[in-house]
Amino acid sequence: MDEHMVVLEALARHVSGPDARRLAEGLPQEYALPLLRASELAEPGDFYAATDLPRERVDAVLNELGLPLPPFS
């Protein structure tokens, strides 16, 4: 799985359904799908730790995709 998908899968677990759907707007379908499948309840915990990637790389991926940095709501 590439870094973009790792970050998006973690993001989908850490934001609620409405917020995830808002973030998915404008993304290519491949990248939007994890967000569109997000639960209505966000998981607690450290978003960055959930990615197992360096924080700087996660921030770079979010920036590349035009997504905001945490906190997401």
# chains A, B, ... in the order shown; residues from 1 in each chain; ligands from 1

$ residues_around --residues "segment 26-41 of chain A" --least-positions-apart "6" --cutoff "10 Å" --atoms "only C-alpha atoms" --output "ChimeraX atom specification"
/A:4-20,65-67

$ write_last_selection --atoms "N, CA and C atoms" --output "CSV table (one decimal), in the first residue's frame"
chain,number,residue,atom,x,y,z
A,4,HIS,N,0.2,7.3,0.4
A,4,HIS,CA,-1.1,8.1,0.4
A,4,HIS,C,-2.3,7.3,0.9
A,5,MET,N,-2.3,6.0,0.6
A,5,MET,CA,-3.4,5.1,1.1
A,5,MET,C,-3.3,4.9,2.5
A,6,VAL,N,-2.0,4.7,3.0
A,6,VAL,CA,-1.8,4.5,4.5
A,6,VAL,C,-2.4,5.7,5.2
A,7,VAL,N,-2.0,6.9,4.8
A,7,VAL,CA,-2.5,8.1,5.5
A,7,VAL,C,-4.0,8.2,5.4
A,8,LEU,N,-4.6,7.9,4.2
A,8,LEU,CA,-6.0,8.1,4.0
A,8,LEU,C,-6.8,7.0,4.9
A,9,GLU,N,-6.3,5.8,4.9
A,9,GLU,CA,-6.9,4.8,5.8
A,9,GLU,C,-6.9,5.2,7.2
A,10,ALA,N,-5.8,5.7,7.7
A,10,ALA,CA,-5.7,6.2,9.1
A,10,ALA,C,-6.7,7.4,9.3
A,11,LEU,N,-6.7,8.3,8.3
A,11,LEU,CA,-7.5,9.5,8.4
A,11,LEU,C,-9.0,9.0,8.5
A,12,ALA,N,-9.4,8.1,7.7
A,12,ALA,CA,-10.8,7.6,7.7
A,12,ALA,C,-11.2,7.0,9.1
A,13,ARG,N,-10.2,6.5,9.8
A,13,ARG,CA,-10.5,6.0,11.1
A,13,ARG,C,-10.6,7.0,12.2
A,14,HIS,N,-10.0,8.2,11.9
A,14,HIS,CA,-9.9,9.2,13.0
A,14,HIS,C,-10.8,10.4,12.7
A,15,VAL,N,-11.6,10.4,11.7
A,15,VAL,CA,-12.6,11.5,11.5
A,15,VAL,C,-14.0,10.8,11.4
A,16,SER,N,-15.0,11.5,11.7
A,16,SER,CA,-16.3,11.0,11.6
A,16,SER,C,-16.8,11.0,10.2
A,17,GLY,N,-17.9,10.3,9.9
A,17,GLY,CA,-18.5,10.2,8.6
A,17,GLY,C,-18.7,11.5,7.9
A,18,PRO,N,-19.4,12.5,8.5
A,18,PRO,CA,-19.6,13.8,7.8
A,18,PRO,C,-18.3,14.5,7.5
A,19,ASP,N,-17.4,14.5,8.5
A,19,ASP,CA,-16.1,15.2,8.2
A,19,ASP,C,-15.3,14.4,7.1
A,20,ALA,N,-15.4,13.1,7.2
A,20,ALA,CA,-14.6,12.3,6.2
A,20,ALA,C,-15.2,12.6,4.8
A,65,LEU,N,-2.3,16.1,-1.2
A,65,LEU,CA,-3.7,15.8,-1.5
A,65,LEU,C,-4.6,17.0,-1.3
A,66,GLY,N,-4.0,18.1,-0.8
A,66,GLY,CA,-4.8,19.3,-0.5
A,66,GLY,C,-5.7,19.2,0.7
A,67,LEU,N,-5.3,18.3,1.7
A,67,LEU,CA,-6.1,18.1,2.9
A,67,LEU,C,-5.5,18.9,4.0

$ select_by_dssp --residues "chain A" --states "alpha helix (DSSP H)" --output "ChimeraX atom specification"
/A:3-14,17-24,29-36,47-51,55-64

$ residues_around --residues "Tyr48 of chain A" --least-positions-apart "4" --cutoff "9 Å" --atoms "only C-alpha atoms" --output "compact mmCIF listing (two decimals) with all heavy atoms, in the first residue's frame"
# COMPACT_ATOMS: atom_id res chain seq x y z
N VAL A 7 -2.04 6.88 4.79
CA VAL A 7 -2.50 8.09 5.47
C VAL A 7 -4.02 8.21 5.37
O VAL A 7 -4.69 8.51 6.37
CB VAL A 7 -1.81 9.34 4.88
CG1 VAL A 7 -2.45 10.62 5.40
CG2 VAL A 7 -0.32 9.31 5.21
N ALA A 10 -5.81 5.72 7.71
CA ALA A 10 -5.75 6.19 9.10
C ALA A 10 -6.67 7.39 9.30
O ALA A 10 -7.37 7.49 10.32
CB ALA A 10 -4.31 6.55 9.48
N ASP A 52 2.10 4.84 11.18
CA ASP A 52 3.44 4.23 11.23
C ASP A 52 4.41 4.90 10.26
O ASP A 52 5.35 4.27 9.79
CB ASP A 52 3.39 2.72 10.97
CG ASP A 52 2.78 1.96 12.12
OD1 ASP A 52 2.94 2.39 13.28
OD2 ASP A 52 2.14 0.92 11.87
N LEU A 53 4.16 6.17 9.95
CA LEU A 53 5.04 6.95 9.09
C LEU A 53 5.55 8.15 9.89
O LEU A 53 4.89 8.58 10.83
CB LEU A 53 4.29 7.46 7.85
CG LEU A 53 3.77 6.43 6.87
CD1 LEU A 53 2.84 7.11 5.85
CD2 LEU A 53 4.92 5.75 6.16
N PRO A 54 6.70 8.70 9.49
CA PRO A 54 7.16 9.92 10.17
C PRO A 54 6.14 11.05 10.00
O PRO A 54 5.52 11.19 8.95
CB PRO A 54 8.46 10.27 9.45
CG PRO A 54 8.89 9.02 8.76
CD PRO A 54 7.64 8.25 8.47
N ARG A 55 5.97 11.82 11.06
CA ARG A 55 5.00 12.92 11.05
C ARG A 55 5.21 13.84 9.84
O ARG A 55 4.24 14.28 9.22
CB ARG A 55 5.13 13.71 12.35
CG ARG A 55 4.13 14.80 12.50
CD ARG A 55 4.34 15.57 13.80
NE ARG A 55 3.24 16.47 14.02
CZ ARG A 55 2.37 16.38 14.99
NH1 ARG A 55 2.44 15.41 15.86
NH2 ARG A 55 1.39 17.25 15.10
N VAL A 58 3.68 12.26 6.76
CA VAL A 58 2.22 12.32 6.82
C VAL A 58 1.75 13.72 6.44
O VAL A 58 0.84 13.88 5.62
CB VAL A 58 1.69 11.91 8.21
CG1 VAL A 58 0.19 12.14 8.31
CG2 VAL A 58 2.05 10.46 8.52

$ residues_around --residues "Leu69 of chain A" --least-positions-apart "3" --cutoff "7 Å" --atoms "only C-alpha atoms" --output "JSON, numbers by chain"
{"A": [59, 62, 72]}
